[in-house]
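Undergrad: Sharing entry.csv here; it has CSV, C-alpha atoms.
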chain,number,residue,atom,x,y,z
E,911,MET,CA,-47.0,90.8,-33.4
E,912,ALA,CA,-49.5,92.7,-31.4
E,913,GLU,CA,-53.2,92.0,-32.1
E,914,ILE,CA,-54.9,94.9,-33.9
E,915,THR,CA,-58.1,96.0,-32.2
E,916,GLU,CA,-61.3,97.3,-33.7
E,917,SER,CA,-61.0,100.5,-31.6
E,918,ALA,CA,-57.5,101.2,-33.0
E,919,VAL,CA,-58.9,100.8,-36.6
E,920,ARG,CA,-61.9,103.1,-35.9
E,921,LYS,CA,-59.6,105.7,-34.2
E,922,VAL,CA,-57.4,106.0,-37.3
E,923,LEU,CA,-60.6,106.1,-39.5
E,924,GLU,CA,-61.7,109.2,-37.5
E,925,THR,CA,-58.9,111.1,-39.4
E,926,ILE,CA,-60.5,110.3,-42.8
E,927,ILE,CA,-62.7,113.2,-43.7
E,928,ASP,CA,-65.6,113.2,-46.2
E,929,PRO,CA,-65.0,116.4,-48.3
E,930,ALA,CA,-68.7,116.8,-49.0
E,931,SER,CA,-69.7,117.1,-45.3
E,932,GLY,CA,-66.4,117.9,-43.6
E,933,LYS,CA,-67.0,115.1,-41.1
E,934,SER,CA,-65.1,111.8,-40.6
E,935,VAL,CA,-66.3,108.5,-41.9
E,936,VAL,CA,-66.8,107.4,-38.3
E,937,ALA,CA,-68.8,110.5,-37.4
E,938,LEU,CA,-71.0,109.9,-40.4
E,939,GLY,CA,-71.7,106.3,-39.4
E,940,MET,CA,-70.2,105.0,-42.7
E,941,VAL,CA,-68.1,102.4,-41.0
E,942,GLY,CA,-70.4,99.5,-41.0
E,943,GLY,CA,-68.1,96.8,-39.8
E,944,VAL,CA,-64.5,96.0,-38.9
E,945,ALA,CA,-62.9,92.5,-38.8
E,946,THR,CA,-59.3,92.0,-37.7
E,947,ARG,CA,-57.3,88.8,-37.4
E,948,GLY,CA,-53.6,88.1,-37.5
E,949,GLY,CA,-52.6,91.5,-39.0
E,950,HIS,CA,-55.3,91.5,-41.7
E,951,VAL,CA,-58.1,94.1,-41.5
E,952,ALA,CA,-61.4,94.2,-43.4
E,953,ILE,CA,-63.7,97.2,-43.3
E,954,THR,CA,-67.2,97.8,-44.8
E,955,LEU,CA,-68.2,101.3,-45.6
E,956,ASP,CA,-72.0,101.9,-45.9
E,957,VAL,CA,-72.5,104.6,-48.5
E,958,ASP,CA,-75.2,106.4,-50.4
E,959,PRO,CA,-75.5,104.6,-53.7
E,960,ALA,CA,-75.7,107.8,-55.6
E,961,ARG,CA,-72.3,108.8,-54.3
E,962,GLY,CA,-70.6,105.5,-54.8
E,963,THR,CA,-68.2,106.4,-57.6
E,964,ALA,CA,-67.3,109.7,-56.1
E,965,LEU,CA,-66.4,108.1,-52.8
E,966,GLU,CA,-63.8,105.8,-54.3
E,967,PRO,CA,-60.9,108.1,-53.2
E,968,LEU,CA,-62.3,108.1,-49.7
E,969,ARG,CA,-62.3,104.3,-49.7
E,970,GLN,CA,-58.7,104.2,-50.8
E,971,ALA,CA,-57.8,106.7,-48.1
E,972,CYS,CA,-59.3,104.5,-45.5
E,973,GLU,CA,-57.3,101.5,-46.7
E,974,GLN,CA,-54.1,103.5,-46.8
E,975,ALA,CA,-54.6,104.9,-43.3
E,976,VAL,CA,-55.3,101.5,-41.7
E,977,ARG,CA,-52.4,99.9,-43.7
E,978,ALA,CA,-50.1,102.4,-42.0
E,979,LEU,CA,-50.9,101.1,-38.5
E,980,PRO,CA,-48.2,99.1,-36.8
E,981,ASP,CA,-48.5,95.3,-37.3
E,982,VAL,CA,-51.1,95.6,-40.1
E,983,LEU,CA,-50.2,93.2,-43.0
E,984,SER,CA,-53.2,94.0,-45.2
E,985,ALA,CA,-56.2,96.2,-45.3
E,986,THR,CA,-59.3,96.0,-47.4
E,987,ALA,CA,-62.2,98.5,-47.5
E,988,VAL,CA,-65.4,97.6,-49.4
E,989,MET,CA,-68.2,100.0,-50.1
E,990,THR,CA,-71.7,98.5,-49.8
E,991,ALA,CA,-75.2,99.8,-50.6
E,992,GLU,CA,-78.3,98.2,-49.3
E,993,ARG,CA,-80.3,98.3,-52.5
E,994,PRO,CA,-80.8,96.2,-55.6
E,995,ALA,CA,-78.6,97.5,-58.3
E,996,PRO,CA,-76.8,96.6,-61.5
E,997,PRO,CA,-73.2,95.3,-61.1
E,998,PRO,CA,-70.6,97.8,-60.0
E,999,ALA,CA,-68.4,99.6,-62.5
E,1000,PRO,CA,-65.1,97.8,-63.3
E,1001,ALA,CA,-62.5,98.1,-60.6
E,1002,ALA,CA,-59.1,99.6,-61.2
E,1003,GLN,CA,-56.5,97.0,-62.0
E,1004,GLY,CA,-53.3,96.3,-60.1
E,1005,HIS,CA,-52.3,95.0,-56.7
E,1006,GLY,CA,-54.3,97.7,-54.8
E,1007,HIS,CA,-57.6,96.5,-53.4
E,1008,SER,CA,-59.8,98.5,-55.7
E,1009,HIS,CA,-63.5,97.7,-55.4
E,1010,GLY,CA,-66.2,100.0,-56.7
E,1011,PRO,CA,-69.4,100.6,-54.9
E,1012,ALA,CA,-71.3,97.4,-54.5
E,1013,ALA,CA,-74.9,96.3,-53.9
E,1014,LYS,CA,-76.0,92.7,-53.8
E,1015,THR,CA,-74.5,91.6,-57.1
E,1016,THR,CA,-71.0,91.0,-58.1
E,1017,GLY,CA,-71.0,90.7,-61.8
E,1018,GLY,CA,-68.9,93.8,-62.5
E,1019,GLY,CA,-65.3,94.4,-62.0
E,1020,GLY,CA,-62.2,93.6,-64.0
E,1021,ARG,CA,-60.7,90.2,-64.7
E,1022,ILE,CA,-58.8,88.7,-61.7
E,1023,ASP,CA,-55.4,87.6,-63.0
E,1024,VAL,CA,-53.3,85.1,-61.2
E,1025,PRO,CA,-49.8,85.2,-62.7
E,1026,GLY,CA,-47.9,81.9,-62.9
E,1027,VAL,CA,-51.0,79.7,-62.6
E,1028,ARG,CA,-51.7,77.8,-65.8
E,1029,HIS,CA,-55.1,76.4,-65.0
E,1030,ILE,CA,-57.7,77.4,-62.3
E,1031,ILE,CA,-60.5,74.9,-61.8
E,1032,ALA,CA,-63.5,75.1,-59.5
E,1033,VAL,CA,-64.9,72.2,-57.5
E,1034,ALA,CA,-68.5,73.1,-56.9
E,1035,SER,CA,-71.9,71.7,-55.7
E,1036,GLY,CA,-75.4,73.0,-55.9
E,1037,LYS,CA,-75.9,72.4,-52.1
E,1038,GLY,CA,-73.9,71.7,-49.0
E,1039,GLY,CA,-73.3,68.3,-47.4
E,1040,VAL,CA,-72.3,66.3,-50.5
E,1041,GLY,CA,-68.6,66.1,-49.6
E,1042,LYS,CA,-67.4,68.8,-52.0
E,1043,SER,CA,-64.5,69.9,-49.8
E,1044,THR,CA,-63.3,66.4,-49.2
E,1045,THR,CA,-63.4,65.8,-53.0
E,1046,ALA,CA,-61.6,69.1,-53.7
E,1047,VAL,CA,-58.7,68.3,-51.2
E,1048,ASN,CA,-58.2,64.7,-52.4
E,1049,LEU,CA,-58.5,65.8,-56.1
E,1050,ALA,CA,-55.7,68.4,-55.5
E,1051,LEU,CA,-53.6,65.8,-53.6
E,1052,GLY,CA,-54.2,63.3,-56.5
E,1053,LEU,CA,-52.9,65.8,-59.0
E,1054,ALA,CA,-49.9,66.6,-56.8
E,1055,ALA,CA,-49.1,62.9,-56.3
E,1056,ASN,CA,-48.7,62.6,-60.0
E,1057,GLY,CA,-46.1,65.3,-60.2
E,1058,ILE,CA,-48.4,68.2,-61.1
E,1059,ALA,CA,-47.6,71.5,-59.3
E,1060,THR,CA,-50.9,72.1,-57.5
E,1061,GLY,CA,-52.4,74.8,-55.3
E,1062,LEU,CA,-55.6,74.7,-53.2
E,1063,LEU,CA,-57.8,77.7,-52.4
E,1064,ASP,CA,-60.6,77.4,-49.9
E,1065,ALA,CA,-63.1,79.8,-51.2
E,1066,ASP,CA,-65.8,78.9,-48.7
E,1067,ILE,CA,-65.7,82.1,-46.7
E,1068,TYR,CA,-68.6,81.2,-44.4
E,1069,GLY,CA,-67.5,77.6,-43.7
E,1070,PRO,CA,-63.8,77.1,-44.4
E,1071,SER,CA,-62.7,73.5,-43.8
E,1072,MET,CA,-59.1,73.4,-45.1
E,1073,PRO,CA,-57.5,74.3,-41.7
E,1074,ARG,CA,-58.9,71.1,-40.1
E,1075,MET,CA,-58.7,68.9,-43.2
E,1076,LEU,CA,-55.0,69.8,-43.8
E,1077,GLY,CA,-54.0,70.2,-40.2
E,1078,VAL,CA,-53.0,73.9,-40.5
E,1079,SER,CA,-52.9,75.9,-37.3
E,1080,GLU,CA,-50.3,78.6,-38.2
E,1081,LYS,CA,-51.1,81.9,-39.9
E,1082,PRO,CA,-49.9,82.9,-43.3
E,1083,GLU,CA,-46.9,85.3,-43.4
E,1084,SER,CA,-46.3,88.4,-45.5
E,1085,LEU,CA,-42.8,89.4,-46.4
E,1086,ASP,CA,-43.6,92.8,-48.0
E,1087,GLY,CA,-46.9,93.7,-46.3
E,1088,LYS,CA,-48.8,93.3,-49.5
E,1089,MET,CA,-48.6,89.6,-50.6
E,1090,LEU,CA,-49.3,86.6,-48.4
E,1091,LYS,CA,-47.2,83.4,-48.6
E,1092,PRO,CA,-49.4,80.3,-49.1
E,1093,ILE,CA,-49.1,77.6,-46.5
E,1094,GLU,CA,-47.7,74.4,-47.8
E,1095,ARG,CA,-49.1,71.1,-46.8
E,1096,HIS,CA,-48.6,67.6,-48.3
E,1097,GLY,CA,-47.0,69.1,-51.4
E,1098,LEU,CA,-49.8,71.7,-52.0
E,1099,ARG,CA,-49.7,75.5,-51.7
E,1100,THR,CA,-52.8,76.4,-49.9
E,1101,MET,CA,-54.8,79.4,-48.7
E,1102,SER,CA,-58.0,79.8,-46.7
E,1103,ILE,CA,-59.8,82.5,-44.8
E,1104,GLY,CA,-59.8,79.9,-42.0
E,1105,TYR,CA,-56.0,80.4,-41.6
E,1106,ILE,CA,-56.7,84.1,-40.6
E,1107,VAL,CA,-59.8,83.8,-38.4
E,1108,ASN,CA,-60.5,81.5,-35.5
E,1109,GLU,CA,-62.4,78.3,-36.3
E,1110,ASP,CA,-65.3,79.3,-34.1
E,1111,THR,CA,-65.6,82.9,-35.4
E,1112,PRO,CA,-68.7,83.4,-37.5
E,1113,MET,CA,-68.1,85.3,-40.7
E,1114,ILE,CA,-70.9,87.9,-40.6
E,1115,TRP,CA,-70.0,89.5,-43.9
E,1116,ARG,CA,-72.1,91.0,-46.7
E,1117,GLY,CA,-71.8,89.7,-50.2
E,1118,PRO,CA,-69.4,92.4,-51.5
E,1119,MET,CA,-67.0,91.8,-48.5
E,1120,VAL,CA,-67.0,88.1,-49.3
E,1121,SER,CA,-66.2,88.8,-52.9
E,1122,SER,CA,-63.4,91.2,-51.8
E,1123,ALA,CA,-61.8,88.5,-49.6
E,1124,LEU,CA,-61.9,86.0,-52.5
E,1125,GLU,CA,-60.2,88.5,-54.8
E,1126,GLN,CA,-57.4,89.1,-52.2
E,1127,MET,CA,-56.8,85.3,-51.8
E,1128,LEU,CA,-56.4,85.0,-55.5
E,1129,ARG,CA,-54.6,88.1,-56.4
E,1130,ASP,CA,-52.6,88.9,-53.3
E,1131,VAL,CA,-51.1,85.5,-52.6
E,1132,GLN,CA,-47.7,84.4,-53.9
E,1133,TRP,CA,-48.9,81.3,-55.6
E,1134,GLY,CA,-45.8,81.0,-57.8
E,1135,GLU,CA,-45.7,78.7,-60.7
E,1136,LEU,CA,-48.5,76.2,-60.6
E,1137,ASP,CA,-49.9,73.8,-63.2
E,1138,VAL,CA,-53.3,73.8,-61.4
E,1139,LEU,CA,-55.0,75.8,-58.7
E,1140,VAL,CA,-58.0,73.9,-57.3
E,1141,VAL,CA,-60.7,76.2,-55.9
E,1142,ASP,CA,-63.0,74.7,-53.3
E,1143,MET,CA,-66.1,76.7,-54.0
E,1144,PRO,CA,-68.9,77.6,-51.5
E,1145,PRO,CA,-72.0,75.5,-52.0
E,1146,GLY,CA,-74.8,77.1,-54.1
E,1147,THR,CA,-74.9,79.7,-56.9
E,1148,GLY,CA,-74.7,83.1,-55.0
E,1149,ASP,CA,-72.4,86.1,-55.0
E,1150,ALA,CA,-69.1,84.3,-54.3
E,1151,GLN,CA,-69.7,81.7,-57.0
E,1152,LEU,CA,-70.6,84.4,-59.6
E,1153,THR,CA,-67.5,86.5,-58.7
E,1154,LEU,CA,-65.2,83.5,-59.4
E,1155,ALA,CA,-67.1,82.3,-62.4
E,1156,GLN,CA,-67.3,85.7,-64.1
E,1157,ARG,CA,-64.1,87.4,-63.1
E,1158,VAL,CA,-61.6,84.5,-63.0
E,1159,ALA,CA,-60.4,82.8,-66.2
E,1160,LEU,CA,-61.6,79.3,-65.0
E,1161,ALA,CA,-60.3,76.5,-67.1
E,1162,GLY,CA,-63.2,74.3,-66.0
E,1163,ALA,CA,-65.5,73.2,-63.2
E,1164,VAL,CA,-65.9,69.8,-61.4
E,1165,ILE,CA,-69.4,69.2,-60.1
E,1166,VAL,CA,-69.8,67.1,-57.0
E,1167,SER,CA,-73.1,65.4,-56.2
E,1168,THR,CA,-74.5,62.5,-54.2
E,1169,PRO,CA,-76.7,60.0,-56.1
E,1170,GLN,CA,-80.2,60.9,-54.9
E,1171,ASP,CA,-82.5,63.0,-57.0
E,1172,ILE,CA,-82.7,66.0,-54.7
E,1173,ALA,CA,-79.0,66.5,-54.7
E,1174,LEU,CA,-78.8,66.0,-58.5
E,1175,VAL,CA,-81.4,68.8,-58.9
E,1176,ASP,CA,-79.1,71.2,-57.1
E,1177,ALA,CA,-76.0,69.9,-58.9
E,1178,ARG,CA,-77.8,70.6,-62.2
E,1179,LYS,CA,-78.3,74.2,-61.2
E,1180,GLY,CA,-74.6,74.6,-60.5
E,1181,LEU,CA,-73.7,73.1,-63.8
E,1182,HIS,CA,-76.0,75.4,-65.7
E,1183,MET,CA,-74.6,78.4,-63.9
E,1184,PHE,CA,-71.1,77.6,-65.2
E,1185,ARG,CA,-72.4,77.0,-68.7
E,1186,LYS,CA,-74.2,80.4,-68.7
E,1187,VAL,CA,-70.9,82.1,-67.9
E,1188,ALA,CA,-69.0,80.1,-70.5
E,1189,VAL,CA,-67.0,78.0,-68.1
E,1190,PRO,CA,-66.4,74.4,-69.4
E,1191,VAL,CA,-67.7,71.7,-67.1
E,1192,LEU,CA,-65.0,69.1,-66.8
E,1193,GLY,CA,-67.3,66.5,-65.4
E,1194,ILE,CA,-69.4,65.2,-62.5
E,1195,VAL,CA,-68.2,63.2,-59.5
E,1196,GLU,CA,-70.7,60.9,-57.6
E,1197,ASN,CA,-69.7,61.1,-54.0
E,1198,MET,CA,-71.0,58.7,-51.3
E,1199,SER,CA,-71.9,56.5,-54.2
E,1200,TYR,CA,-72.2,53.4,-52.1
E,1201,PHE,CA,-71.3,52.1,-48.7
E,1202,LEU,CA,-68.8,49.4,-48.1
E,1203,CYS,CA,-69.1,47.8,-44.7
E,1204,PRO,CA,-65.6,47.9,-43.1
E,1205,LYS,CA,-66.2,44.6,-41.3
E,1206,CYS,CA,-67.8,42.4,-43.9
E,1207,GLY,CA,-67.2,44.2,-47.1
E,1208,GLU,CA,-70.9,44.2,-48.1
E,1209,ARG,CA,-71.9,46.9,-50.4
E,1210,SER,CA,-75.1,49.0,-49.7
E,1211,GLU,CA,-76.4,51.8,-51.9
E,1212,ILE,CA,-77.7,54.0,-49.2
E,1213,PHE,CA,-78.4,57.1,-51.3
E,1214,GLY,CA,-79.2,55.1,-54.5
E,1215,HIS,CA,-76.5,54.6,-57.1
E,1216,GLY,CA,-75.6,55.8,-60.6
E,1217,GLY,CA,-77.7,59.0,-60.5
E,1218,ALA,CA,-74.8,61.3,-61.2
E,1219,ARG,CA,-73.6,59.0,-64.1
E,1220,GLU,CA,-77.0,59.1,-65.7
E,1221,GLU,CA,-77.2,62.9,-65.1
E,1222,ALA,CA,-73.8,63.4,-66.8
E,1223,GLU,CA,-75.0,61.4,-69.8
E,1224,LYS,CA,-78.2,63.4,-70.1
E,1225,LEU,CA,-76.2,66.7,-69.9
E,1226,GLY,CA,-73.5,65.6,-72.2
E,1227,VAL,CA,-70.6,66.1,-69.7
E,1228,PRO,CA,-67.9,63.5,-68.6
E,1229,PHE,CA,-68.6,61.3,-65.7
E,1230,LEU,CA,-65.4,61.4,-63.6
E,1231,GLY,CA,-65.9,58.6,-61.1
E,1232,GLU,CA,-67.6,57.2,-58.0
E,1233,VAL,CA,-66.3,57.8,-54.5
E,1234,PRO,CA,-67.7,55.4,-51.8
E,1235,LEU,CA,-69.0,56.4,-48.4
E,1236,HIS,CA,-66.3,55.0,-46.3
E,1237,LEU,CA,-65.1,55.6,-42.7
E,1238,ASP,CA,-61.5,55.9,-43.7
E,1239,ILE,CA,-62.2,58.9,-46.0
E,1240,ARG,CA,-64.0,60.7,-43.1
E,1241,THR,CA,-61.5,59.9,-40.4
E,1242,THR,CA,-58.4,60.8,-42.4
E,1243,SER,CA,-60.0,64.1,-43.4
E,1244,ASP,CA,-60.8,65.0,-39.8
E,1245,SER,CA,-57.3,64.1,-38.7
E,1246,GLY,CA,-55.6,66.6,-41.1
E,1247,ARG,CA,-54.1,63.8,-43.3
E,1248,PRO,CA,-56.6,63.1,-46.1
E,1249,ILE,CA,-56.8,59.6,-47.4
E,1250,VAL,CA,-54.6,60.2,-50.5
E,1251,ILE,CA,-51.8,61.1,-48.0
E,1252,ASP,CA,-52.6,58.8,-45.1
E,1253,LYS,CA,-53.4,55.7,-47.1
E,1254,PRO,CA,-51.7,56.2,-50.5
E,1255,ASP,CA,-52.1,52.5,-51.6
E,1256,SER,CA,-55.8,52.2,-50.7
E,1257,PRO,CA,-58.5,51.6,-53.4
E,1258,HIS,CA,-60.1,54.9,-52.3
E,1259,THR,CA,-56.9,56.8,-53.0
E,1260,GLN,CA,-56.8,55.2,-56.4
E,1261,VAL,CA,-60.3,56.5,-57.1
E,1262,TYR,CA,-59.2,60.0,-56.4
E,1263,LYS,CA,-56.1,59.7,-58.5
E,1264,ASN,CA,-58.1,58.4,-61.4
E,1265,ILE,CA,-60.5,61.4,-61.1
E,1266,ALA,CA,-57.4,63.6,-61.0
E,1267,GLY,CA,-56.1,61.9,-64.1
E,1268,ARG,CA,-59.3,62.4,-66.1
E,1269,VAL,CA,-59.4,66.1,-65.1
E,1270,TRP,CA,-55.8,66.6,-66.0
E,1271,LYS,CA,-56.3,64.9,-69.4
E,1272,GLN,CA,-59.0,67.4,-70.3
E,1273,LEU,CA,-56.9,70.4,-69.1
E,1274,SER,CA,-53.9,69.2,-71.1
E,1275,ALA,CA,-56.0,68.7,-74.2
E,1276,ASN,CA,-57.1,72.3,-74.0
E,1277,GLN,CA,-53.7,73.9,-73.2
E,1278,ARG,CA,-52.1,76.1,-75.9
E,1279,GLY,CA,-48.3,76.7,-76.1
E,1280,ALA,CA,-47.7,75.5,-72.5
E,1281,ARG,CA,-44.6,73.7,-71.4
E,1282,LYS,CA,-44.6,69.9,-71.5
E,1283,ALA,CA,-46.5,68.7,-68.5
E,1284,PRO,CA,-46.3,65.5,-66.4
E,1285,THR,CA,-48.4,62.5,-67.6
E,1286,ILE,CA,-50.9,60.7,-65.4
E,1287,VAL,CA,-51.7,57.0,-66.2
E,1288,VAL,CA,-55.3,56.2,-65.3
E,1289,ARG,CA,-55.8,52.6,-64.3
Would it be possible to restate this file's structure as structure tokens?
TA:
Amino acid sequence: MAEITESAVRKVLETIIDPASGKSVVALGMVGGVATRGGHVAITLDVDPARGTALEPLRQACEQAVRALPDVLSATAVMTAERPAPPPAPAAQGHGHSHGPAAKTTGGGGRIDVPGVRHIIAVASGKGGVGKSTTAVNLALGLAANGIATGLLDADIYGPSMPRMLGVSEKPESLDGKMLKPIERHGLRTMSIGYIVNEDTPMIWRGPMVSSALEQMLRDVQWGELDVLVVDMPPGTGDAQLTLAQRVALAGAVIVSTPQDIALVDARKGLHMFRKVAVPVLGIVENMSYFLCPKCGERSEIFGHGGAREEAEKLGVPFLGEVPLHLDIRTTSDSGRPIVIDKPDSPHTQVYKNIAGRVWKQLSANQRGARKAPTIVVR
């Protein structure tokens, strides 16, 4: 497959004429940015906010023109407006990439449906650096190890970590030019923006473009029949988090925090965000809960200990478990074989499996009319 160049995309966009002015979107300076990778193209269109709704046919025409280029697997055009504004009008439903005019908020739009997926859960944190992605990967693997059909979506557009943590170097394929096949690793069906762009490529995207990419990775991936889709959320409570929390039928959220007070303050913000959008909080995980010396076995509570458990009790949510700060967890993640896979009999793996068991128990208790699911025994 030949690499699609930005100049080729801009050349075809020169054929898209704005009926109000009679000039092309390129001549008008509307094409704010073009990103291409592995047959996938993303375009931002800078528009006058007052004309946003009227320009929807123009946006669709841009997508169709780029999609018709040789070797293009998918094309997404997103309209952006540099101004504070209420959420955009609901987007048209279906498999087309329909996104209304957007400003700096993402609360509008229709519900994002993911057929075949019974439960979608978010793994979130109020801040970065607390081991959220490591927790998300091993939680998903813990579910899969207990016979639960599990998928994993890396929703951290600016800092995708799944390619390295799962040892994925290939690009996702599309059989029909519309839907991407998830990449399977260690029994998980996975997708990440990191599978499409190079690891060292900075994602210099506006909020609406990030939200658009997230929608595509949910709606336009052949997830198939899954019991659980684990979504590794970006840290914080910004556009991407709100898009998922408000537009996806999340079955619940898992909050990851370290024990110290400053991390718990941010974790509390994330928890309250989910509560405000009526997403049940399945519980809190205390990561880096303590350090076990690999040589002598001495336990040190570097970041304090028990803060997340106390916070869970105060907020009335389940405490899911303590994960130690241990070299094996870090090295196995960096090697592309997370600890649940690389050391299936280790005590750390059992911690993750127990957390997975508690999460699944809550999801199973809330399901209605679903087929009989596998059972996890928590030890």
Undergrad: Return the single residue from E:Gln1272, E:Gln1156, E:Asn1264, E:Thr1259 that is closest to E:Ser1121, with distances computed using only C-alpha atoms.
TA: E:Gln1156
Undergrad: Compare E:Gly1052, E:Gly1057, E:Gly1226, E:Pro1092 by their minimum atom-to-atom distance to E:Pro1248, counting all atoms listed in the file, and give me the closest one.
TA: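 Going through E:Gly1052, E:Gly1057, E:Gly1226, E:Pro1092 one by one, the smallest distance to E:Pro1248 is for E:Gly1052.
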Undergrad: Could you pull the residues within 12 Å of E:Ile1194, counting only C-alpha atoms, minus those fewer than 3 positions along the same chain, as a PyMOL selection string?
TA: chain E and resi 1032-1036+1042+1045+1162-1169+1174+1177-1178+1180-1181+1190-1191+1197+1216-1233+1265+1268-1269
Undergrad: Tell me which of E:Met1127, E:Val1141, E:Leu1235, E:Leu1136 sits closest to E:Leu1049, counting all atoms listed in the file.
TA: E:Val1141
Undergrad: As number ranges by chain, please: the residues near stretch 915-927 of chain E (cut-off 12 Å, only C-alpha atoms, same-chain neighbours under 3 positions excluded).
TA: E: 912, 930-955, 965, 967-982, 985-987
Undergrad: What does the structure give for the distance between atom CA of E:Ala1046 and atom CA of E:Pro1257, in Å to one decimal?
TA: 17.8 Å
Undergrad: Separation of atom CA of E:Ile1058 and atom CA of E:Met1072, in Å?
TA: 19.9 Å
Undergrad: Mind pulling up the distance from atom CA of E:Ala1161 to atom CA of E:Gly1246?
TA: 28.2 Å
Undergrad: Show which residues sit within 12 Å of E:Asp1252, as JSON, numbers by chain. Count all atoms listed in the file, and ignore same-chain residues fewer than 2 positions away.
TA: {"E": [1048, 1051, 1075, 1076, 1096, 1238, 1239, 1240, 1241, 1242, 1243, 1244, 1245, 1246, 1247, 1248, 1249, 1250, 1254, 1255, 1256, 1258, 1259]}
Undergrad: Which polymer residues, whether protein, DNA or RNA, lie within 9 Å of the coordinate (-51.7, 64.6, -60.4) when you count all atoms listed in the file? List them as a count of residues only, using the chain letters and numbers from the file.
TA: 20
